[in-house]
>>> print(open('my_file.pdb').read())   # PDB, C-alpha atoms
ATOM      1  CA  MET G   1     132.541 103.974 -71.898
ATOM      2  CA  PRO G   2     134.550 101.957 -74.419
ATOM      3  CA  GLN G   3     136.216 103.801 -77.270
ATOM      4  CA  LEU G   4     135.226 101.050 -79.664
ATOM      5  CA  ILE G   5     133.007  97.960 -79.729
ATOM      6  CA  ILE G   6     134.118  95.114 -82.000
ATOM      7  CA  ASP G   7     131.618  92.395 -82.882
ATOM      8  CA  ALA G   8     133.181  89.025 -83.723
ATOM      9  CA  ARG G   9     132.915  87.877 -87.338
ATOM     10  CA  THR G  10     132.805  84.284 -88.571
ATOM     11  CA  ALA G  11     135.901  82.941 -90.340
ATOM     12  CA  ALA G  12     136.973  79.467 -91.472
ATOM     13  CA  LEU G  13     140.017  78.114 -89.663
ATOM     14  CA  SER G  14     139.878  74.781 -91.482
ATOM     15  CA  THR G  15     137.357  72.818 -93.523
ATOM     16  CA  GLY G  16     135.510  71.658 -90.428
ATOM     17  CA  LEU G  17     136.152  74.444 -87.959
ATOM     18  CA  SER G  18     134.740  77.962 -88.000
ATOM     19  CA  VAL G  19     135.839  80.584 -85.499
ATOM     20  CA  LYS G  20     134.815  83.950 -84.164
ATOM     21  CA  ARG G  21     137.401  86.452 -85.414
ATOM     22  CA  ILE G  22     137.860  89.600 -83.353
ATOM     23  CA  LEU G  23     141.242  91.024 -84.397
ATOM     24  CA  PRO G  24     142.402  92.431 -86.738
ATOM     25  CA  TYR G  25     139.452  94.768 -87.246
ATOM     26  CA  ARG G  26     139.192  97.413 -89.951
ATOM     27  CA  ASN G  27     138.996 100.273 -87.431
ATOM     28  CA  LYS G  28     141.373  98.742 -84.869
ATOM     29  CA  ARG G  29     144.155  96.611 -86.214
ATOM     30  CA  MET G  30     145.872  96.111 -82.851
ATOM     31  CA  VAL G  31     145.280  96.431 -79.094
ATOM     32  CA  GLY G  32     148.718  97.040 -77.625
ATOM     33  CA  PRO G  33     150.881  94.359 -79.299
ATOM     34  CA  PHE G  34     147.888  92.029 -79.909
ATOM     35  CA  ILE G  35     147.269  91.892 -83.654
ATOM     36  CA  PHE G  36     145.056  88.801 -83.918
ATOM     37  CA  LEU G  37     142.411  87.052 -81.817
ATOM     38  CA  ASP G  38     140.348  84.015 -82.775
ATOM     39  CA  HIS G  39     137.825  82.222 -80.567
ATOM     40  CA  ALA G  40     136.935  78.663 -81.616
ATOM     41  CA  GLY G  41     133.983  76.814 -80.134
ATOM     42  CA  PRO G  42     132.513  75.620 -77.980
ATOM     43  CA  VAL G  43     131.833  72.844 -80.465
ATOM     44  CA  GLY G  44     131.273  69.114 -80.187
ATOM     45  CA  VAL G  45     132.617  67.003 -83.034
ATOM     46  CA  PRO G  46     131.605  63.475 -84.117
ATOM     47  CA  ALA G  47     134.638  61.184 -84.373
ATOM     48  CA  ALA G  48     134.033  60.687 -88.104
ATOM     49  CA  ASN G  49     134.441  64.430 -88.718
ATOM     50  CA  LEU G  50     137.435  64.985 -86.451
ATOM     51  CA  SER G  51     140.146  65.174 -89.130
ATOM     52  CA  ALA G  52     138.220  67.863 -91.040
ATOM     53  CA  MET G  53     138.989  70.249 -88.187
ATOM     54  CA  ASP G  54     142.762  69.838 -88.531
ATOM     55  CA  VAL G  55     144.794  72.944 -89.344
ATOM     56  CA  LEU G  56     147.523  71.667 -91.679
ATOM     57  CA  PRO G  57     151.149  72.810 -91.423
ATOM     58  CA  HIS G  58     151.424  76.504 -92.234
ATOM     59  CA  PRO G  59     154.034  79.229 -91.608
ATOM     60  CA  HIS G  60     154.363  82.238 -89.319
ATOM     61  CA  PHE G  61     156.846  85.077 -89.231
ATOM     62  CA  GLY G  62     157.434  88.140 -87.024
ATOM     63  CA  LEU G  63     155.060  87.286 -84.157
ATOM     64  CA  SER G  64     154.354  85.043 -81.186
ATOM     65  CA  THR G  65     151.249  82.859 -81.105
ATOM     66  CA  VAL G  66     149.540  82.164 -77.775
ATOM     67  CA  THR G  67     147.227  79.139 -77.730
ATOM     68  CA  TYR G  68     144.913  78.794 -74.724
ATOM     69  CA  LEU G  69     142.222  76.147 -74.330
ATOM     70  CA  LEU G  70     139.107  76.386 -72.189
ATOM     71  CA  ASP G  71     138.072  72.838 -73.107
ATOM     72  CA  GLY G  72     139.112  69.972 -75.363
ATOM     73  CA  GLN G  73     142.539  68.977 -76.615
ATOM     74  CA  VAL G  74     144.801  69.928 -79.549
ATOM     75  CA  THR G  75     148.083  68.406 -80.751
ATOM     76  CA  HIS G  76     150.703  70.956 -81.787
ATOM     77  CA  ARG G  77     153.637  69.988 -84.030
ATOM     78  CA  ASP G  78     156.184  72.448 -85.380
ATOM     79  CA  SER G  79     159.295  72.702 -87.533
ATOM     80  CA  LEU G  80     161.516  72.669 -84.450
ATOM     81  CA  GLY G  81     160.449  69.066 -83.907
ATOM     82  CA  VAL G  82     158.205  69.900 -80.959
ATOM     83  CA  LYS G  83     155.109  67.811 -80.336
ATOM     84  CA  GLN G  84     152.868  69.141 -77.571
ATOM     85  CA  ILE G  85     149.416  67.937 -76.563
ATOM     86  CA  ILE G  86     147.680  71.151 -75.496
ATOM     87  CA  CYS G  87     145.219  70.860 -72.615
ATOM     88  CA  PRO G  88     142.896  73.385 -70.941
ATOM     89  CA  GLY G  89     144.476  76.075 -68.775
ATOM     90  CA  GLU G  90     147.966  75.761 -70.254
ATOM     91  CA  VAL G  91     149.851  78.510 -72.051
ATOM     92  CA  ASN G  92     151.487  77.435 -75.298
ATOM     93  CA  TRP G  93     153.792  80.197 -76.471
ATOM     94  CA  MET G  94     155.319  79.880 -79.938
ATOM     95  CA  THR G  95     157.627  82.641 -81.120
ATOM     96  CA  ALA G  96     157.883  82.514 -84.890
ATOM     97  CA  GLY G  97     160.616  85.137 -85.187
ATOM     98  CA  LYS G  98     162.380  84.674 -88.516
ATOM     99  CA  GLY G  99     160.110  81.794 -89.476
ATOM    100  CA  ILE G 100     158.409  78.637 -88.205
ATOM    101  CA  SER G 101     155.710  76.265 -89.380
ATOM    102  CA  HIS G 102     153.253  74.309 -87.257
ATOM    103  CA  SER G 103     150.091  72.248 -87.379
ATOM    104  CA  GLU G 104     147.158  71.889 -85.014
ATOM    105  CA  ARG G 105     145.406  68.548 -85.126
ATOM    106  CA  PHE G 106     142.491  67.051 -83.231
ATOM    107  CA  GLU G 107     143.486  63.451 -82.561
ATOM    108  CA  ASN G 108     141.552  62.332 -79.483
ATOM    109  CA  PRO G 109     137.985  61.384 -80.465
ATOM    110  CA  ASP G 110     137.231  59.963 -77.026
ATOM    111  CA  LEU G 111     137.998  63.291 -75.397
ATOM    112  CA  LEU G 112     135.914  65.324 -77.830
ATOM    113  CA  ALA G 113     133.041  62.883 -77.409
ATOM    114  CA  LYS G 114     133.015  63.738 -73.702
ATOM    115  CA  THR G 115     133.757  67.453 -73.882
ATOM    116  CA  HIS G 116     133.591  70.365 -76.293
ATOM    117  CA  LEU G 117     136.480  72.100 -77.972
ATOM    118  CA  GLU G 118     136.886  75.753 -76.981
ATOM    119  CA  MET G 119     140.128  77.515 -77.844
ATOM    120  CA  LEU G 120     141.537  81.019 -78.115
ATOM    121  CA  GLN G 121     144.539  81.947 -80.171
ATOM    122  CA  THR G 122     146.162  85.343 -80.170
ATOM    123  CA  TRP G 123     149.102  86.723 -82.102
ATOM    124  CA  VAL G 124     151.418  89.118 -80.312
ATOM    125  CA  ALA G 125     153.514  91.293 -82.609
ATOM    126  CA  LEU G 126     157.230  91.455 -81.832
ATOM    127  CA  PRO G 127     159.236  94.653 -81.350
ATOM    128  CA  GLU G 128     161.314  95.482 -84.427
ATOM    129  CA  LYS G 129     164.528  94.336 -82.735
ATOM    130  CA  ASP G 130     163.009  90.889 -82.097
ATOM    131  CA  GLU G 131     161.277  90.259 -85.427
ATOM    132  CA  GLU G 132     164.210  88.155 -86.680
ATOM    133  CA  THR G 133     164.748  86.225 -83.439
ATOM    134  CA  ASP G 134     165.195  82.454 -83.538
ATOM    135  CA  PRO G 135     161.902  80.542 -83.389
ATOM    136  CA  SER G 136     160.959  78.785 -80.153
ATOM    137  CA  PHE G 137     158.104  76.989 -78.408
ATOM    138  CA  ILE G 138     157.391  76.560 -74.707
ATOM    139  CA  ASN G 139     154.499  75.106 -72.730
ATOM    140  CA  PHE G 140     153.438  76.326 -69.286
ATOM    141  CA  SER G 141     151.190  74.151 -67.137
ATOM    142  CA  PRO G 142     148.337  75.695 -65.116
ATOM    143  CA  ASP G 143     150.260  75.294 -61.838
ATOM    144  CA  GLU G 144     152.966  77.592 -63.261
ATOM    145  CA  LEU G 145     150.442  80.388 -63.821
ATOM    146  CA  PRO G 146     149.358  82.623 -60.921
ATOM    147  CA  GLU G 147     145.675  82.684 -59.997
ATOM    148  CA  PHE G 148     143.569  85.013 -57.889
ATOM    149  CA  ASN G 149     140.359  84.250 -56.019
ATOM    150  CA  ASP G 150     137.959  86.643 -54.326
ATOM    151  CA  THR G 151     134.221  86.700 -53.722
ATOM    152  CA  GLY G 152     132.650  85.938 -57.106
ATOM    153  CA  ILE G 153     135.938  86.458 -59.010
ATOM    154  CA  TRP G 154     138.551  84.012 -60.269
ATOM    155  CA  MET G 155     141.360  84.880 -62.657
ATOM    156  CA  ARG G 156     144.500  83.356 -64.185
ATOM    157  CA  LEU G 157     147.371  85.445 -65.541
ATOM    158  CA  ILE G 158     148.209  83.902 -68.905
ATOM    159  CA  ALA G 159     151.105  86.259 -69.629
ATOM    160  CA  GLY G 160     152.442  89.674 -68.735
ATOM    161  CA  ASP G 161     151.982  91.707 -65.575
ATOM    162  CA  ALA G 162     148.677  92.832 -64.020
ATOM    163  CA  TYR G 163     146.980  93.242 -60.638
ATOM    164  CA  GLY G 164     150.337  92.597 -58.976
ATOM    165  CA  LEU G 165     150.532  89.124 -60.573
ATOM    166  CA  LYS G 166     153.528  87.950 -62.609
ATOM    167  CA  ASN G 167     154.653  84.676 -64.131
ATOM    168  CA  ASN G 168     157.591  83.206 -66.033
ATOM    169  CA  VAL G 169     156.089  83.445 -69.515
ATOM    170  CA  LYS G 170     158.715  85.390 -71.446
ATOM    171  CA  THR G 171     157.293  88.391 -73.284
ATOM    172  CA  HIS G 172     159.025  90.842 -75.618
ATOM    173  CA  SER G 173     157.060  93.979 -74.709
ATOM    174  CA  PRO G 174     154.832  95.233 -71.854
ATOM    175  CA  PHE G 175     151.330  93.703 -71.919
ATOM    176  CA  PHE G 176     148.818  91.584 -70.008
ATOM    177  CA  TYR G 177     146.587  88.652 -70.934
ATOM    178  CA  ILE G 178     144.111  87.300 -68.369
ATOM    179  CA  HIS G 179     141.369  84.660 -68.169
ATOM    180  CA  GLN G 180     138.667  85.797 -65.747
ATOM    181  CA  GLU G 181     135.499  84.120 -64.423
ATOM    182  CA  LEU G 182     132.791  86.221 -62.755
ATOM    183  CA  ALA G 183     129.756  85.124 -60.766
ATOM    184  CA  LEU G 184     126.411  86.947 -61.040
ATOM    185  CA  ASN G 185     126.732  90.542 -59.717
ATOM    186  CA  ALA G 186     130.508  90.299 -59.239
ATOM    187  CA  LYS G 187     132.403  93.502 -59.987
ATOM    188  CA  THR G 188     135.880  93.901 -61.424
ATOM    189  CA  THR G 189     138.068  96.486 -63.152
ATOM    190  CA  LEU G 190     140.663  96.534 -65.902
ATOM    191  CA  PRO G 191     144.385  96.544 -65.103
ATOM    192  CA  THR G 192     145.835 100.052 -65.018
ATOM    193  CA  GLY G 193     149.089 101.489 -66.340
ATOM    194  CA  TYR G 194     148.725 100.341 -69.965
ATOM    195  CA  THR G 195     148.032 102.573 -72.956
ATOM    196  CA  GLU G 196     145.520 100.234 -74.624
ATOM    197  CA  ARG G 197     143.215  97.713 -72.948
ATOM    198  CA  ALA G 198     140.318  95.509 -74.006
ATOM    199  CA  ILE G 199     137.701  93.085 -72.714
ATOM    200  CA  TYR G 200     136.548  90.146 -74.837
ATOM    201  CA  ILE G 201     133.333  88.498 -73.619
ATOM    202  CA  ILE G 202     133.507  84.746 -74.168
ATOM    203  CA  LYS G 203     130.317  83.843 -72.316
ATOM    204  CA  GLY G 204     127.647  85.765 -70.421
ATOM    205  CA  SER G 205     127.145  89.517 -70.277
ATOM    206  CA  ILE G 206     128.443  92.568 -68.419
ATOM    207  CA  GLU G 207     127.219  96.047 -67.588
ATOM    208  CA  ILE G 208     129.390  99.169 -67.791
ATOM    209  CA  GLU G 209     127.826 102.566 -67.029
ATOM    210  CA  HIS G 210     124.283 101.197 -67.533
ATOM    211  CA  HIS G 211     125.110  99.680 -70.941
ATOM    212  CA  ILE G 212     124.899  95.913 -71.463
ATOM    213  CA  TYR G 213     127.492  94.054 -73.540
ATOM    214  CA  LYS G 214     127.195  90.418 -74.579
ATOM    215  CA  GLU G 215     129.289  87.453 -75.634
ATOM    216  CA  GLY G 216     131.222  87.813 -78.885
ATOM    217  CA  GLN G 217     131.967  91.494 -78.291
ATOM    218  CA  MET G 218     135.304  93.159 -77.608
ATOM    219  CA  LEU G 219     135.306  96.490 -75.769
ATOM    220  CA  VAL G 220     138.395  98.653 -76.283
ATOM    221  CA  PHE G 221     139.482 101.261 -73.719
ATOM    222  CA  ASP G 222     142.261 103.816 -73.547
ATOM    223  CA  LYS G 223     144.627 104.435 -70.635
ATOM    224  CA  ILE G 224     142.384 106.992 -68.923
ATOM    225  CA  GLU G 225     139.118 105.060 -68.604
ATOM    226  CA  GLU G 226     138.605 103.127 -65.375
ATOM    227  CA  PRO G 227     135.428 101.138 -66.063
ATOM    228  CA  THR G 228     133.616  99.179 -63.372
ATOM    229  CA  ILE G 229     132.588  95.850 -64.873
ATOM    230  CA  LEU G 230     129.434  94.249 -63.430
ATOM    231  CA  ALA G 231     128.577  90.648 -64.333
ATOM    232  CA  LYS G 232     124.909  90.331 -65.263
ATOM    233  CA  GLU G 233     125.168  86.534 -65.148
ATOM    234  CA  THR G 234     127.917  83.936 -64.828
ATOM    235  CA  THR G 235     130.489  85.367 -67.246
ATOM    236  CA  THR G 236     133.825  84.438 -68.809
ATOM    237  CA  LEU G 237     136.137  87.233 -69.961
ATOM    238  CA  MET G 238     139.539  87.584 -71.561
ATOM    239  CA  LEU G 239     141.313  90.807 -70.602
ATOM    240  CA  LEU G 240     144.201  91.971 -72.752
ATOM    241  CA  GLY G 241     146.204  95.050 -73.635
ATOM    242  CA  GLY G 242     149.582  96.673 -73.503
ATOM    243  CA  GLU G 243     151.867  99.202 -75.107
ATOM    244  CA  PRO G 244     151.593  99.850 -78.862
ATOM    245  CA  LEU G 245     154.566  98.787 -80.990
ATOM    246  CA  GLY G 246     153.860 100.999 -83.990
ATOM    247  CA  ASP G 247     152.359 100.120 -87.356
ATOM    248  CA  ARG G 248     152.563  96.555 -88.586
ATOM    249  CA  TYR G 249     151.861  94.989 -91.950
ATOM    250  CA  ILE G 250     149.903  91.740 -91.867
ATOM    251  CA  TRP G 251     149.322  89.328 -94.727
ATOM    252  CA  TRP G 252     148.101  85.767 -94.282
ATOM    253  CA  ASN G 253     150.158  84.466 -91.322
ATOM    254  CA  PHE G 254     152.962  87.004 -91.583
ATOM    255  CA  VAL G 255     153.457  90.159 -89.507
ATOM    256  CA  SER G 256     156.235  92.689 -89.960
ATOM    257  CA  SER G 257     157.187  96.338 -89.554
ATOM    258  CA  ARG G 258     158.493  96.189 -93.151
ATOM    259  CA  LYS G 259     156.381  95.478 -96.231
ATOM    260  CA  GLU G 260     159.344  94.018 -98.137
ATOM    261  CA  ARG G 261     159.906  91.469 -95.361
ATOM    262  CA  ILE G 262     156.374  90.178 -95.909
ATOM    263  CA  GLU G 263     157.264  89.592 -99.558
ATOM    264  CA  GLN G 264     160.390  87.706 -98.509
ATOM    265  CA  ALA G 265     158.351  85.538 -96.138
ATOM    266  CA  LYS G 266     155.979  84.689 -98.999
ATOM    267  CA  ASN G 267     158.897  83.550-101.131
ATOM    268  CA  ASP G 268     160.445  81.625 -98.246
ATOM    269  CA  TRP G 269     157.282  79.535 -97.842
ATOM    270  CA  LEU G 270     156.774  79.132-101.564
ATOM    271  CA  ASN G 271     160.351  77.902-102.005
ATOM    272  CA  GLY G 272     160.518  75.645 -98.977
ATOM    273  CA  LYS G 273     162.882  77.779 -96.917
ATOM    274  CA  ILE G 274     160.541  77.480 -93.932
ATOM    275  CA  ILE G 275     160.610  73.736 -93.338
ATOM    276  CA  LEU G 276     157.645  71.586 -92.383
ATOM    277  CA  PRO G 277     157.293  69.884 -89.000
ATOM    278  CA  PRO G 278     159.444  66.742 -89.282
ATOM    279  CA  ASN G 279     156.696  64.655 -87.667
ATOM    280  CA  ASP G 280     153.935  66.176 -89.830
ATOM    281  CA  ASP G 281     155.398  66.835 -93.289
ATOM    282  CA  LYS G 282     153.103  64.988 -95.688
ATOM    283  CA  GLU G 283     150.746  67.904 -96.385
ATOM    284  CA  PHE G 284     150.668  71.653 -95.896
ATOM    285  CA  VAL G 285     148.733  74.836 -96.626
ATOM    286  CA  PRO G 286     149.979  76.401 -99.878
ATOM    287  CA  LEU G 287     150.650  80.104-100.207
ATOM    288  CA  PRO G 288     147.337  81.796-101.062
ATOM    289  CA  ASN G 289     146.985  82.961-104.633
ATOM    290  CA  ASP G 290     146.234  86.535-103.675
ATOM    291  CA  ASN G 291     147.766  89.805-104.813
ATOM    292  CA  SER G 292     146.358  92.052-102.097
ATOM    293  CA  ARG G 293     148.713  94.487-100.413
ATOM    294  CA  PRO G 294     150.204  93.437 -97.066
ATOM    295  CA  SER G 295     148.627  96.440 -95.358
ATOM    296  CA  GLU G 296     145.167  95.266 -96.394
ATOM    297  CA  PRO G 297     145.058  91.523 -95.709
ATOM    298  CA  PRO G 298     142.176  89.354 -96.954
ATOM    299  CA  GLU G 299     140.633  88.146 -93.692
ATOM    300  CA  ALA G 300     139.597  84.861 -95.274
ATOM    301  CA  ASN G 301     143.255  84.031 -95.860
ATOM    302  CA  ILE G 302     144.400  84.436 -92.271
ATOM    303  CA  LEU G 303     145.149  81.183 -90.475
ATOM    304  CA  SER G 304     146.173  80.689 -86.865
TER     305      SER G 304
END
>>> encode(input="my_file.pdb", output="structure tokens")
Amino acid sequence: MPQLIIDARTAALSTGLSVKRILPYRNKRMVGPFIFLDHAGPVGVPAANLSAMDVLPHPHFGLSTVTYLLDGQVTHRDSLGVKQIICPGEVNWMTAGKGISHSERFENPDLLAKTHLEMLQTWVALPEKDEETDPSFINFSPDELPEFNDTGIWMRLIAGDAYGLKNNVKTHSPFFYIHQELALNAKTTLPTGYTERAIYIIKGSIEIEHHIYKEGQMLVFDKIEEPTILAKETTTLMLLGGEPLGDRYIWWNFVSSRKERIEQAKNDWLNGKIILPPNDDKEFVPLPNDNSRPSEPPEANILS
């Protein structure tokens, strides 16, 4: 049985885009190094409303963001000068390190007229020794990511090491992140060998020990549990977990092992020390006017 069940909450990512927010959760701030998980969509957007979904340039510090699309298209621009059109099945890994800014814009109305946007973004906390690393961004195409097929089961390893699969996505600590598709009555298990593990149900439903769990729920397991996961219908899962890194402070888009470093990151953004993307520098998200402590972030002020 899971140690904890987390029901997704609704949060605003931008004026026109609401998401299901899973992490952080008041009773479970992190699963392994994963400190944040948002699930956007599926949503269809009229062309006239497309720009309202845009996430304007905003900063990150002390983490890596992992953007993964199931459908649709997003244009990423960052302060390194990178422009990347993100498509389904790719891994887009941005390490903020000592500071980066980026935007996510929806610029292809023809595509969204034909499909629906569905996107997941996670934040992976960095080990203390890597929190001040230089920022970077790298894109991995689907053919660079190992897949596995069996009767009723398909999976793609997004990052990490699991089920004997590995890829070239550089990680800073031991973890796994997997996209899995299950047919009706297919059975699967969680990867073993990790201290903390979780299942997030994107679509469909699963049964574990005669209990039914549905879309929008995250089930958290410890290292000892070996659950058998039975698909009650066609089901899409994200499997994730890894080794804990210790306590982290989180405020807005900043993550750190040190509270004072959060305060420095606030001042860096306020004073322009984290530059804007050179190809998207006409507007940005201002620092929230909020005096809450870094250890108790206002969820409404967290952006991806």
>>> residues_around(input="my_file.pdb", residues="range 233-248 of chain G", least_positions_apart="2", cutoff="6 Å", atoms="all atoms listed in the file", output="list in words")
Val31, Gly32, Pro33, Pro174, Phe175, Phe176, Tyr177, Ile178, His179, Gln180, Glu181, Leu182, Ala183, Leu184, Tyr194, Thr195, Glu196, Arg197, Ala198, Ile199, Tyr200, Ile201, Ile202, Lys203, Gly204, Ala231, Ser256 and Ser257 of chain G
>>> atom_distance(input="my_file.pdb", atom1="CA of Pro146 in chain G", atom2="CA of Lys166 in chain G")
7.0 Å
>>> closest_residue(input="my_file.pdb", among="G:Gly72, G:Ala11, G:Val255, G:Gly193", to="Glu225 in chain G", atoms="all atoms listed in the file")
G:Gly193
>>> resolve_selection(input="my_file.pdb", expression="the PyMOL selection byres ((chain G and resi 85) around 10)", output="PyMOL selection string")
chain G and resi 73-77+83-84+86-87+92+104-107+139
>>> closest_residue(input="my_file.pdb", among="G:Thr67, G:Leu145, G:Leu17, G:Ile212", to="Leu157 in chain G", atoms="only C-alpha atoms")
G:Leu145
>>> resolve_selection(input="my_file.pdb", expression="the PyMOL selection byres ((chain G and resi 81) around 8)", output="compact mmCIF listing (two decimals) with C-alpha atoms, in the frame of the given file")
# COMPACT_ATOMS: atom_id res chain seq x y z
CA ARG G 77 153.64 69.99 -84.03
CA ASP G 78 156.18 72.45 -85.38
CA SER G 79 159.29 72.70 -87.53
CA LEU G 80 161.52 72.67 -84.45
CA VAL G 82 158.21 69.90 -80.96
CA LYS G 83 155.11 67.81 -80.34
CA PRO G 277 157.29 69.88 -89.00
CA PRO G 278 159.44 66.74 -89.28
CA ASN G 279 156.70 64.66 -87.67
>>> resolve_selection(input="my_file.pdb", expression="the PyMOL selection byres ((chain G and resi 21) around 8)", output="list in words")
Ala8, Arg9, Thr10, Ala11, Val19, Lys20, Ile22, Leu23, Pro24, Leu37, Asp38 and His39 of chain G
>>> residues_around(input="my_file.pdb", residues="Thr188 in chain G", least_positions_apart="6", cutoff="9 Å", atoms="all atoms listed in the file", output="MDAnalysis selection string")
chainID G and resid 153 182 227:231
>>> atom_distance(input="my_file.pdb", atom1="CA of Ala40 in chain G", atom2="CA of Leu120 in chain G")
6.2 Å
>>> atom_distance(input="my_file.pdb", atom1="CA of Leu117 in chain G", atom2="CA of Gly41 in chain G")
5.8 Å
>>> closest_residue(input="my_file.pdb", among="G:Glu132, G:Asn253, G:Glu147, G:Tyr68", to="His102 in chain G", atoms="only C-alpha atoms")
G:Asn253
>>> residues_around(input="my_file.pdb", residues="Leu70 in chain G", least_positions_apart="3", cutoff="6 Å", atoms="all atoms listed in the file", output="list of chain:residue names")
G:Pro88, G:Glu118, G:Met119
>>> axis_aligned_box(input="my_file.pdb", around="range 175-187 of chain G", padding_each_side="6 Å", output="lines of an AutoDock Vina configuration file")
center_x = 138.9
center_y = 88.9
center_z = -65.6
size_x = 36.9
size_y = 21.6
size_z = 24.7
>>> closest_residue(input="my_file.pdb", among="G:Leu190, G:Ile5, G:Ile250, G:Val169", to="Lys214 in chain G", atoms="all atoms listed in the file")
G:Ile5
>>> closest_residue(input="my_file.pdb", among="G:Ala162, G:Leu4, G:Leu126, G:Ala96", to="Ile138 in chain G", atoms="all atoms listed in the file")
G:Ala96
>>> decode(input="my_file.pdb", residues="range 86-103 of chain G", atoms="N, CA and C atoms", output="short mmCIF file (atom, residue, chain, number, x, y, z; two decimals), in the first residue's frame")
data_model
loop_
_atom_site.label_atom_id
_atom_site.label_comp_id
_atom_site.auth_asym_id
_atom_site.auth_seq_id
_atom_site.Cartn_x
_atom_site.Cartn_y
_atom_site.Cartn_z
N ILE G 86 9.88 22.80 -28.31
CA ILE G 86 9.73 21.55 -27.58
C ILE G 86 8.56 20.77 -28.15
N CYS G 87 8.83 19.53 -28.52
CA CYS G 87 7.81 18.66 -29.13
C CYS G 87 7.59 17.42 -28.26
N PRO G 88 6.49 16.71 -28.47
CA PRO G 88 6.19 15.54 -27.64
C PRO G 88 7.28 14.48 -27.67
N GLY G 89 7.53 13.89 -26.49
CA GLY G 89 8.47 12.79 -26.36
C GLY G 89 9.91 13.21 -26.16
N GLU G 90 10.21 14.50 -26.27
CA GLU G 90 11.57 14.98 -26.05
C GLU G 90 11.80 15.23 -24.56
N VAL G 91 13.07 15.24 -24.17
CA VAL G 91 13.45 15.68 -22.83
C VAL G 91 14.18 17.01 -22.97
N ASN G 92 13.69 18.00 -22.29
CA ASN G 92 14.32 19.33 -22.28
C ASN G 92 14.79 19.61 -20.86
N TRP G 93 16.10 19.55 -20.69
CA TRP G 93 16.72 19.57 -19.37
C TRP G 93 17.45 20.91 -19.21
N MET G 94 16.93 21.74 -18.32
CA MET G 94 17.55 23.04 -18.04
C MET G 94 18.07 23.05 -16.60
N THR G 95 19.36 23.18 -16.46
CA THR G 95 19.95 23.29 -15.12
C THR G 95 20.15 24.77 -14.81
N ALA G 96 19.43 25.24 -13.81
CA ALA G 96 19.51 26.65 -13.44
C ALA G 96 20.82 26.97 -12.72
N GLY G 97 21.24 26.05 -11.82
CA GLY G 97 22.47 26.30 -11.08
C GLY G 97 22.42 27.64 -10.38
N LYS G 98 23.43 28.49 -10.66
CA LYS G 98 23.53 29.77 -9.95
C LYS G 98 22.60 30.84 -10.49
N GLY G 99 21.80 30.49 -11.52
CA GLY G 99 20.76 31.42 -11.95
C GLY G 99 20.55 31.44 -13.45
N ILE G 100 19.29 31.34 -13.87
CA ILE G 100 18.91 31.40 -15.28
C ILE G 100 17.50 31.95 -15.35
N SER G 101 17.15 32.54 -16.47
CA SER G 101 15.75 32.91 -16.71
C SER G 101 15.31 32.27 -18.02
N HIS G 102 14.01 32.00 -18.12
CA HIS G 102 13.48 31.44 -19.36
C HIS G 102 12.01 31.77 -19.50
N SER G 103 11.52 31.62 -20.72
CA SER G 103 10.10 31.79 -21.01
C SER G 103 9.60 30.55 -21.71
#
